[in-house]
file start.txt (compact mmCIF, C-alpha atoms (C1' of nucleotides))
# COMPACT_ATOMS: atom_id res chain seq x y z
CA MET A 88 40.62 10.25 -12.15
CA GLY A 89 43.26 7.62 -12.60
CA ARG A 90 45.90 7.97 -15.22
CA GLU A 91 47.37 5.02 -17.02
CA LEU A 92 50.90 4.26 -16.03
CA PRO A 93 53.59 5.08 -18.56
CA ARG A 94 55.41 1.85 -19.16
CA GLY A 95 58.39 1.09 -17.06
CA ASP A 96 57.59 2.80 -13.80
CA LEU A 97 55.40 0.14 -12.25
CA PRO A 98 58.17 -2.08 -10.81
CA ALA A 99 59.71 0.89 -9.00
CA LEU A 100 56.37 1.76 -7.44
CA ILE A 101 55.82 -1.79 -6.22
CA LEU A 102 59.31 -2.03 -4.78
CA ALA A 103 58.84 1.28 -3.00
CA VAL A 104 55.66 0.06 -1.31
CA LEU A 105 57.35 -3.17 -0.24
CA ASP A 106 60.30 -1.24 1.15
CA ASP A 107 58.09 -0.05 3.99
CA ALA A 108 56.63 -3.45 4.82
CA PRO A 109 55.81 -6.81 3.21
CA ALA A 110 52.40 -6.80 1.58
CA HIS A 111 50.17 -8.88 -0.65
CA GLY A 112 49.25 -7.87 -4.18
CA TYR A 113 45.88 -6.38 -3.53
CA ALA A 114 47.22 -4.26 -0.67
CA ILE A 115 50.09 -3.02 -2.85
CA ALA A 116 47.62 -1.77 -5.42
CA ARG A 117 45.54 -0.03 -2.78
CA THR A 118 48.62 1.60 -1.24
CA ILE A 119 49.79 2.98 -4.57
CA GLU A 120 46.35 4.44 -5.21
CA ARG A 121 46.13 5.96 -1.77
CA ARG A 122 49.63 7.44 -1.73
CA SER A 123 49.14 8.99 -5.15
CA ASP A 124 45.75 10.43 -4.21
CA GLY A 125 44.04 8.28 -6.79
CA VAL A 126 46.18 9.52 -9.66
CA LEU A 127 47.87 6.18 -10.17
CA GLN A 128 45.59 3.22 -10.65
CA LEU A 129 46.75 -0.28 -11.08
CA ARG A 130 44.75 -3.15 -12.58
CA GLU A 131 45.10 -6.82 -11.78
CA GLY A 132 46.22 -7.43 -15.34
CA SER A 133 49.23 -5.22 -14.69
CA LEU A 134 49.82 -6.01 -11.05
CA TYR A 135 50.15 -9.78 -10.98
CA PRO A 136 52.35 -10.18 -14.06
CA ALA A 137 54.61 -7.44 -12.67
CA LEU A 138 54.88 -9.20 -9.32
CA ARG A 139 55.73 -12.46 -11.03
CA ALA A 140 58.45 -10.77 -13.05
CA LEU A 141 59.93 -9.14 -9.95
CA GLU A 142 60.01 -12.50 -8.21
CA GLN A 143 61.67 -14.18 -11.18
CA GLN A 144 64.33 -11.47 -11.08
CA GLY A 145 64.90 -12.13 -7.40
CA LEU A 146 63.85 -8.64 -6.34
CA VAL A 147 60.99 -9.88 -4.18
CA SER A 148 60.16 -13.16 -2.49
CA SER A 149 56.69 -14.49 -1.77
CA ALA A 150 54.93 -16.73 0.72
CA TRP A 151 51.32 -17.85 0.97
CA GLU A 152 49.46 -16.67 4.00
CA THR A 153 46.59 -19.08 4.55
CA ALA A 154 45.64 -18.17 8.10
CA GLY A 155 43.14 -15.44 8.85
CA ALA A 156 39.86 -14.52 7.27
CA GLY A 157 39.20 -14.16 3.58
CA PRO A 158 40.91 -15.70 0.58
CA ALA A 159 44.52 -16.82 0.81
CA ARG A 160 47.08 -14.08 0.28
CA LYS A 161 50.46 -14.18 -1.31
CA VAL A 162 52.67 -11.90 0.74
CA TYR A 163 55.63 -10.31 -1.01
CA THR A 164 58.83 -9.22 0.71
CA LEU A 165 61.61 -7.07 -0.70
CA THR A 166 64.94 -8.87 -1.04
CA ASP A 167 68.34 -7.21 -0.67
CA ALA A 168 68.65 -7.20 -4.44
CA GLY A 169 65.23 -5.58 -4.58
CA ARG A 170 66.33 -2.89 -2.19
CA GLY A 171 69.32 -2.12 -4.39
CA SER A 172 67.18 -2.10 -7.49
CA LEU A 173 64.77 0.31 -5.84
CA VAL A 174 67.49 2.85 -5.12
CA GLU A 175 68.71 2.57 -8.68
CA ARG A 176 65.23 2.98 -10.12
CA ALA A 177 64.43 5.93 -7.88
CA ASN A 178 67.56 7.73 -9.00
CA ASP A 179 66.77 6.87 -12.58
CA TRP A 180 63.31 8.31 -12.13
CA ASP A 181 64.75 11.55 -10.75
CA ALA A 182 66.97 11.93 -13.79
CA TYR A 183 64.13 11.20 -16.14
CA ALA A 184 61.69 13.56 -14.43
CA ALA A 185 64.26 16.35 -14.49
CA ALA A 186 64.92 15.75 -18.18
CA VAL A 187 61.26 15.85 -19.10
CA ALA A 188 60.77 19.00 -17.06
CA ALA A 189 63.71 20.60 -18.84
CA VAL A 190 62.20 19.89 -22.25
CA LEU A 191 58.66 20.85 -21.27
CA GLY A 192 59.75 24.09 -19.69
CA LYS A 193 57.34 26.08 -17.60
CA ARG A 194 54.14 25.66 -19.55
CA ARG A 195 51.42 25.09 -17.04
CA VAL A 196 47.90 26.12 -16.20
CA SER A 197 48.58 29.81 -16.72
CA TYR A 198 50.13 29.39 -20.13
CA GLY A 199 50.20 32.53 -22.23
CA MET B 120 73.55 7.75 -21.55
CA GLY B 121 70.12 7.82 -23.13
CA ARG B 122 67.15 6.33 -21.37
CA GLU B 123 64.24 4.88 -23.23
CA LEU B 124 61.14 6.97 -23.07
CA PRO B 125 58.25 5.65 -21.00
CA ARG B 126 55.40 5.47 -23.41
CA GLY B 127 53.08 8.39 -23.66
CA ASP B 128 55.39 11.29 -23.01
CA LEU B 129 56.89 11.67 -26.46
CA PRO B 130 54.10 13.76 -28.02
CA ALA B 131 54.29 16.28 -25.18
CA LEU B 132 58.03 16.66 -25.68
CA ILE B 133 57.65 17.24 -29.41
CA LEU B 134 54.87 19.78 -28.91
CA ALA B 135 56.97 21.62 -26.33
CA VAL B 136 59.87 21.97 -28.75
CA LEU B 137 57.58 23.24 -31.48
CA ASP B 138 56.02 25.74 -29.11
CA ASP B 139 59.24 27.75 -29.22
CA ALA B 140 59.61 27.68 -32.98
CA PRO B 141 58.71 25.58 -36.03
CA ALA B 142 61.28 22.88 -36.70
CA HIS B 143 61.89 19.84 -38.84
CA GLY B 144 62.01 16.33 -37.46
CA TYR B 145 65.71 15.93 -37.19
CA ALA B 146 66.08 19.25 -35.39
CA ILE B 147 63.31 18.31 -32.96
CA ALA B 148 65.19 15.17 -31.97
CA ARG B 149 68.44 17.11 -31.52
CA THR B 150 66.71 19.75 -29.40
CA ILE B 151 65.16 17.18 -27.09
CA GLU B 152 68.54 15.53 -26.60
CA ARG B 153 70.27 18.84 -25.96
CA ARG B 154 67.68 20.23 -23.55
CA SER B 155 67.65 17.02 -21.57
CA ASP B 156 71.43 16.86 -21.43
CA GLY B 157 71.47 13.63 -23.40
CA VAL B 158 69.14 11.83 -21.02
CA LEU B 159 66.32 11.62 -23.55
CA GLN B 160 67.20 10.13 -26.89
CA LEU B 161 64.81 9.79 -29.74
CA ARG B 162 65.18 7.43 -32.71
CA GLU B 163 63.77 7.82 -36.17
CA GLY B 164 61.54 4.82 -35.60
CA SER B 165 59.82 6.73 -32.81
CA LEU B 166 60.09 10.26 -34.15
CA TYR B 167 58.48 10.07 -37.56
CA PRO B 168 55.49 7.94 -36.63
CA ALA B 169 54.86 10.29 -33.70
CA LEU B 170 55.00 13.34 -35.96
CA ARG B 171 52.60 11.74 -38.40
CA ALA B 172 50.19 10.94 -35.59
CA LEU B 173 50.34 14.51 -34.28
CA GLU B 174 49.62 15.85 -37.74
CA GLN B 175 46.68 13.49 -38.21
CA GLN B 176 45.29 14.76 -34.92
CA GLY B 177 45.63 18.34 -36.12
CA LEU B 178 48.08 19.29 -33.40
CA VAL B 179 50.85 20.19 -35.84
CA SER B 180 50.95 21.17 -39.50
CA SER B 181 53.79 20.53 -41.90
CA ALA B 182 55.31 22.06 -45.03
CA TRP B 183 58.20 20.95 -47.20
CA GLU B 184 61.16 23.26 -47.28
CA THR B 185 63.01 22.53 -50.49
CA ALA B 186 65.25 25.59 -50.65
CA GLY B 187 68.65 25.65 -48.98
CA ALA B 188 71.42 23.12 -48.77
CA GLY B 189 71.05 19.47 -47.91
CA PRO B 190 68.09 17.13 -48.23
CA ALA B 191 64.56 18.54 -48.25
CA ARG B 192 63.09 19.18 -44.82
CA LYS B 193 59.58 18.85 -43.59
CA VAL B 194 59.00 21.74 -41.21
CA TYR B 195 56.40 21.25 -38.49
CA THR B 196 54.44 24.06 -36.87
CA LEU B 197 52.30 23.93 -33.76
CA THR B 198 48.60 24.59 -34.38
CA ASP B 199 46.26 26.27 -31.92
CA ALA B 200 44.89 22.86 -31.03
CA GLY B 201 48.45 21.69 -30.49
CA ARG B 202 49.10 24.57 -28.14
CA GLY B 203 46.06 23.63 -26.10
CA SER B 204 47.06 20.01 -26.06
CA LEU B 205 50.52 20.93 -24.89
CA VAL B 206 49.20 22.80 -21.87
CA GLU B 207 46.96 19.90 -21.02
CA ARG B 208 49.77 17.38 -21.37
CA ALA B 209 52.17 19.49 -19.32
CA ASN B 210 49.68 19.71 -16.47
CA ASP B 211 49.03 16.02 -16.75
CA TRP B 212 52.74 15.38 -16.51
CA ASP B 213 52.99 17.50 -13.38
CA ALA B 214 50.26 15.50 -11.71
CA TYR B 215 51.83 12.23 -12.73
CA ALA B 216 55.34 13.23 -11.61
CA ALA B 217 54.01 14.35 -8.25
CA ALA B 218 52.11 11.09 -7.83
CA VAL B 219 55.14 8.94 -8.63
CA ALA B 220 57.28 11.01 -6.27
CA ALA B 221 54.70 10.52 -3.53
CA VAL B 222 54.79 6.75 -3.91
CA LEU B 223 58.55 6.51 -4.27
CA GLY B 224 59.17 8.67 -1.24
CA LYS B 225 62.62 10.00 -0.54
CA ARG B 226 64.75 7.01 -1.51
CA ARG B 227 67.68 8.39 -3.40
CA VAL B 228 71.44 8.07 -3.62
CA SER B 229 71.90 8.24 0.13
CA TYR B 230 69.47 5.49 0.89
CA GLY B 231 69.78 3.97 4.33
C1' DT C 282 87.31 9.74 -56.78
C1' DT C 283 86.46 7.11 -53.23
C1' DG C 284 84.88 6.67 -48.77
C1' DA C 285 83.29 8.35 -44.39
C1' DT C 286 80.29 11.20 -41.87
C1' DC C 287 76.48 14.17 -41.02
C1' DT C 288 72.06 15.58 -42.22
C1' DA C 289 67.14 14.24 -43.22
C1' DC C 290 63.12 11.59 -44.10
C1' DA C 291 60.74 7.17 -44.17
C1' DT C 292 58.91 2.34 -43.33
C1' DC C 293 58.60 -2.40 -41.65
C1' DC C 294 59.00 -5.44 -37.99
C1' DT C 295 59.57 -6.54 -33.26
C1' DA C 296 59.25 -6.14 -28.39
C1' DA C 297 57.64 -4.59 -24.10
C1' DA C 298 54.29 -3.31 -20.91
C1' DT C 299 49.85 -2.15 -19.74
C1' DC C 300 44.75 -2.64 -19.94
C1' DT C 301 40.37 -5.18 -20.73
C1' DA C 302 37.80 -8.88 -19.91
C1' DT C 303 37.04 -12.89 -17.72
C1' DG C 304 37.18 -16.48 -14.23
C1' DT C 305 37.50 -18.53 -9.52
C1' DA C 306 36.70 -18.10 -4.63
C1' DT C 307 35.92 -16.35 0.37
C1' DA C 308 33.74 -13.22 3.63
C1' DA C 309 30.92 -9.54 5.15
C1' DT C 310 26.99 -6.66 4.46
C1' DC C 311 22.35 -5.47 3.15
C1' DG D 79 20.37 -14.55 -1.43
C1' DA D 80 22.21 -10.67 -3.83
C1' DT D 81 25.71 -7.40 -3.70
C1' DT D 82 30.10 -5.74 -2.56
C1' DA D 83 34.88 -6.04 -1.19
C1' DT D 84 38.73 -8.84 -1.00
C1' DA D 85 42.22 -11.71 -3.51
C1' DC D 86 44.61 -14.18 -7.06
C1' DA D 87 45.18 -15.45 -11.92
C1' DT D 88 45.39 -15.68 -17.14
C1' DA D 89 44.43 -14.81 -22.12
C1' DG D 90 44.16 -11.50 -25.53
C1' DA D 91 44.29 -6.88 -27.46
C1' DT D 92 46.33 -2.46 -27.75
C1' DT D 93 49.61 0.99 -27.53
C1' DT D 94 53.92 2.79 -28.42
C1' DA D 95 58.66 2.86 -28.60
C1' DG D 96 63.04 0.87 -30.55
C1' DG D 97 65.91 -1.74 -34.13
C1' DA D 98 67.06 -2.44 -38.67
C1' DT D 99 67.17 -0.86 -43.03
C1' DG D 100 66.86 2.14 -47.09
C1' DT D 101 67.19 6.48 -49.88
C1' DA D 102 69.66 10.62 -50.73
C1' DG D 103 72.21 15.18 -50.68
C1' DA D 104 76.30 17.78 -48.70
C1' DT D 105 80.84 18.09 -46.85
C1' DC D 106 85.44 16.80 -46.05
C1' DA D 107 89.58 14.03 -45.95
C1' DA D 108 92.73 10.70 -47.89
call {"tool": "encode", "arguments": {"input": "start.txt", "output": "structure tokens"}}
result
Amino acid sequence: MGRELPRGDLPALILAVLDDAPAHGYAIARTIERRSDGVLQLREGSLYPALRALEQQGLVSSAWETAGAGPARKVYTLTDAGRGSLVERANDWDAYAAAVAAVLGKRRVSYG
Amino acid sequence: MGRELPRGDLPALILAVLDDAPAHGYAIARTIERRSDGVLQLREGSLYPALRALEQQGLVSSAWETAGAGPARKVYTLTDAGRGSLVERANDWDAYAAAVAAVLGKRRVSYG
DNA sequence: TTGATCTACATCCTAAATCTATGTATAATC
DNA sequence: GATTATACATAGATTTAGGATGTAGATCAA
């Protein structure tokens, strides 16, 4: 269980999670795993660099949340630019998925 | 036009093309572009290393075709192992595409 | 006959993005 | 007090695709 992510799709997934509500890194990873039924798994080594890049690009903003129990959390919020980028990336994904499906054809479990 | 390929999907695309008929490298690239309506574009720097890797793994076999007009062609044929690998990769793709779609949700052109 | 274009294969280098491994630290559970 | 879950972070290795470049035959136009 748990397929590696093909490169390039991770930012879109993070933005999509943040589009529902602000969240901190660890929660983002858990949400992606849950929503994908465990198919998509996301390591810290991928997650935090990706979040930093998104922030540098102005697609998310962050704020430390020191109150509450447990270690401090850095909570990320989608910016307007991030929202726009998400729509673009989602459409791009659709086009890509359709293209791959067109090349692969209908070879599935019952191939013969 | 022409999106870069997320890493990992290229072998599956090549195997799928060869599943219909043996073909040489250049023709494989053209077929992928045509079937995907130009969305997927494949450069020599990606194509030939990928073909060599597939051959080393025993998923395709190759033979030089010297007859005919133009430069010599190396014609690739899917092996039985390649056929099995293709089915596996196609199913894997399905699972991955479904997982990404689940995380992305229904954010598309008419986002709001 | 020169040049441009398409076909066709090939390699080297670079870049990007992800994973592995490791480290720090708090809190709850056993 | 040991383990587990939470939570952030970085360095290094790996994978894999693209860019640039090179060779070479065939075709066609100027």
call {"tool": "interface_residues", "arguments": {"input": "start.txt", "of": "chain B", "to": "chain C", "cutoff": "7 Å", "atoms": "only C-alpha atoms (C1' of nucleotides)", "output": "VMD selection string"}}
result
chain B and resid 145 189 to 190 192
call {"tool": "closest_atom_pairs", "arguments": {"input": "start.txt", "of": "chain B", "to": "chain A", "cutoff": "10 Å", "atoms": "all atoms listed in the file", "output": "Markdown table"}}
result
| residue | atom | partner | partner_atom | distance |
| --- | --- | --- | --- | --- |
| B:Gly121 | CA | A:Tyr183 | CA | 9.8 |
| B:Arg122 | CA | A:Tyr183 | CA | 7.8 |
| B:Glu123 | CA | A:Gly95 | CA | 9.3 |
| B:Leu124 | CA | A:Arg94 | CA | 8.6 |
| B:Pro125 | CA | A:Arg94 | CA | 5.1 |
| B:Arg126 | CA | A:Pro93 | CA | 5.2 |
| B:Gly127 | CA | A:Pro93 | CA | 6.1 |
| B:Asp128 | CA | A:Pro93 | CA | 7.8 |
| B:Leu129 | CA | A:Val187 | CA | 9.5 |
| B:Ala131 | CA | A:Leu191 | CA | 7.4 |
| B:Leu132 | CA | A:Leu191 | CA | 6.1 |
| B:Ile133 | CA | A:Val190 | CA | 8.9 |
| B:Leu134 | CA | A:Leu191 | CA | 8.6 |
| B:Ala135 | CA | A:Leu191 | CA | 5.4 |
| B:Val136 | CA | A:Val190 | CA | 7.2 |
| B:Asp138 | CA | A:Leu191 | CA | 9.6 |
| B:Thr150 | CA | A:Val190 | CA | 8.5 |
| B:Ile151 | CA | A:Val190 | CA | 6.3 |
| B:Glu152 | CA | A:Val190 | CA | 8.8 |
| B:Arg153 | CA | A:Val190 | CA | 8.9 |
| B:Arg154 | CA | A:Val190 | CA | 5.6 |
| B:Ser155 | CA | A:Ala186 | CA | 4.5 |
| B:Asp156 | CA | A:Ala186 | CA | 7.4 |
| B:Gly157 | CA | A:Ala186 | CA | 8.6 |
| B:Val158 | CA | A:Ala186 | CA | 6.4 |
| B:Leu159 | CA | A:Ala186 | CA | 6.9 |
| B:Arg202 | CA | A:Tyr198 | CA | 9.4 |
| B:Gly203 | CA | A:Tyr198 | CA | 9.2 |
| B:Leu205 | CA | A:Arg194 | CA | 8.0 |
| B:Val206 | CA | A:Arg195 | CA | 5.8 |
| B:Glu207 | CA | A:Arg195 | CA | 7.9 |
| B:Arg208 | CA | A:Arg195 | CA | 9.0 |
| B:Ala209 | CA | A:Arg195 | CA | 6.1 |
| B:Asn210 | CA | A:Arg195 | CA | 5.7 |
| B:Asp211 | CA | A:Arg90 | CA | 8.8 |
| B:Trp212 | CA | A:Ala188 | CA | 8.8 |
| B:Asp213 | CA | A:Arg195 | CA | 8.6 |
| B:Ala214 | CA | A:Val126 | CA | 7.5 |
| B:Tyr215 | CA | A:Val126 | CA | 7.0 |
| B:Ala216 | CA | A:Ala184 | CA | 7.0 |
| B:Ala217 | CA | A:Ser123 | CA | 7.9 |
| B:Ala218 | CA | A:Ser123 | CA | 4.5 |
| B:Val219 | CA | A:Ser123 | CA | 6.9 |
| B:Ala220 | CA | A:Ser123 | CA | 8.5 |
| B:Ala221 | CA | A:Ser123 | CA | 6.0 |
| B:Val222 | CA | A:Arg122 | CA | 5.6 |
| B:Leu223 | CA | A:Ala103 | CA | 5.4 |
| B:Gly224 | CA | A:Ala103 | CA | 7.6 |
| B:Lys225 | CA | A:Ala177 | CA | 8.6 |
| B:Arg226 | CA | A:Val174 | CA | 6.2 |
| B:Arg227 | CA | A:Asn178 | CA | 5.6 |
| B:Val228 | CA | A:Asn178 | CA | 6.6 |
| B:Ser229 | CA | A:Val174 | CA | 8.7 |
| B:Tyr230 | CA | A:Val174 | CA | 6.9 |
| B:Gly231 | CA | A:Val174 | CA | 9.8 |
call {"tool": "write_last_selection", "arguments": {"input": "start.txt", "atoms": "C-alpha atoms", "output": "CSV table (one decimal), keeping the file's coordinate frame"}}
result
chain,number,residue,atom,x,y,z
B,121,GLY,CA,70.1,7.8,-23.1
B,122,ARG,CA,67.2,6.3,-21.4
B,123,GLU,CA,64.2,4.9,-23.2
B,124,LEU,CA,61.1,7.0,-23.1
B,125,PRO,CA,58.2,5.6,-21.0
B,126,ARG,CA,55.4,5.5,-23.4
B,127,GLY,CA,53.1,8.4,-23.7
B,128,ASP,CA,55.4,11.3,-23.0
B,129,LEU,CA,56.9,11.7,-26.5
B,131,ALA,CA,54.3,16.3,-25.2
B,132,LEU,CA,58.0,16.7,-25.7
B,133,ILE,CA,57.6,17.2,-29.4
B,134,LEU,CA,54.9,19.8,-28.9
B,135,ALA,CA,57.0,21.6,-26.3
B,136,VAL,CA,59.9,22.0,-28.8
B,138,ASP,CA,56.0,25.7,-29.1
B,150,THR,CA,66.7,19.8,-29.4
B,151,ILE,CA,65.2,17.2,-27.1
B,152,GLU,CA,68.5,15.5,-26.6
B,153,ARG,CA,70.3,18.8,-26.0
B,154,ARG,CA,67.7,20.2,-23.6
B,155,SER,CA,67.6,17.0,-21.6
B,156,ASP,CA,71.4,16.9,-21.4
B,157,GLY,CA,71.5,13.6,-23.4
B,158,VAL,CA,69.1,11.8,-21.0
B,159,LEU,CA,66.3,11.6,-23.6
B,202,ARG,CA,49.1,24.6,-28.1
B,203,GLY,CA,46.1,23.6,-26.1
B,205,LEU,CA,50.5,20.9,-24.9
B,206,VAL,CA,49.2,22.8,-21.9
B,207,GLU,CA,47.0,19.9,-21.0
B,208,ARG,CA,49.8,17.4,-21.4
B,209,ALA,CA,52.2,19.5,-19.3
B,210,ASN,CA,49.7,19.7,-16.5
B,211,ASP,CA,49.0,16.0,-16.8
B,212,TRP,CA,52.7,15.4,-16.5
B,213,ASP,CA,53.0,17.5,-13.4
B,214,ALA,CA,50.3,15.5,-11.7
B,215,TYR,CA,51.8,12.2,-12.7
B,216,ALA,CA,55.3,13.2,-11.6
B,217,ALA,CA,54.0,14.4,-8.2
B,218,ALA,CA,52.1,11.1,-7.8
B,219,VAL,CA,55.1,8.9,-8.6
B,220,ALA,CA,57.3,11.0,-6.3
B,221,ALA,CA,54.7,10.5,-3.5
B,222,VAL,CA,54.8,6.8,-3.9
B,223,LEU,CA,58.6,6.5,-4.3
B,224,GLY,CA,59.2,8.7,-1.2
B,225,LYS,CA,62.6,10.0,-0.5
B,226,ARG,CA,64.8,7.0,-1.5
B,227,ARG,CA,67.7,8.4,-3.4
B,228,VAL,CA,71.4,8.1,-3.6
B,229,SER,CA,71.9,8.2,0.1
B,230,TYR,CA,69.5,5.5,0.9
B,231,GLY,CA,69.8,4.0,4.3
call {"tool": "interface_residues", "arguments": {"input": "start.txt", "of": "chain A", "to": "chain D", "cutoff": "12 Å", "atoms": "only C-alpha atoms (C1' of nucleotides)", "output": "count of residues only"}}
result
29
call {"tool": "calpha_fit_rmsd", "arguments": {"input": "start.txt", "fixed": "chain A", "moving": "chain B"}}
result
0.1 Å
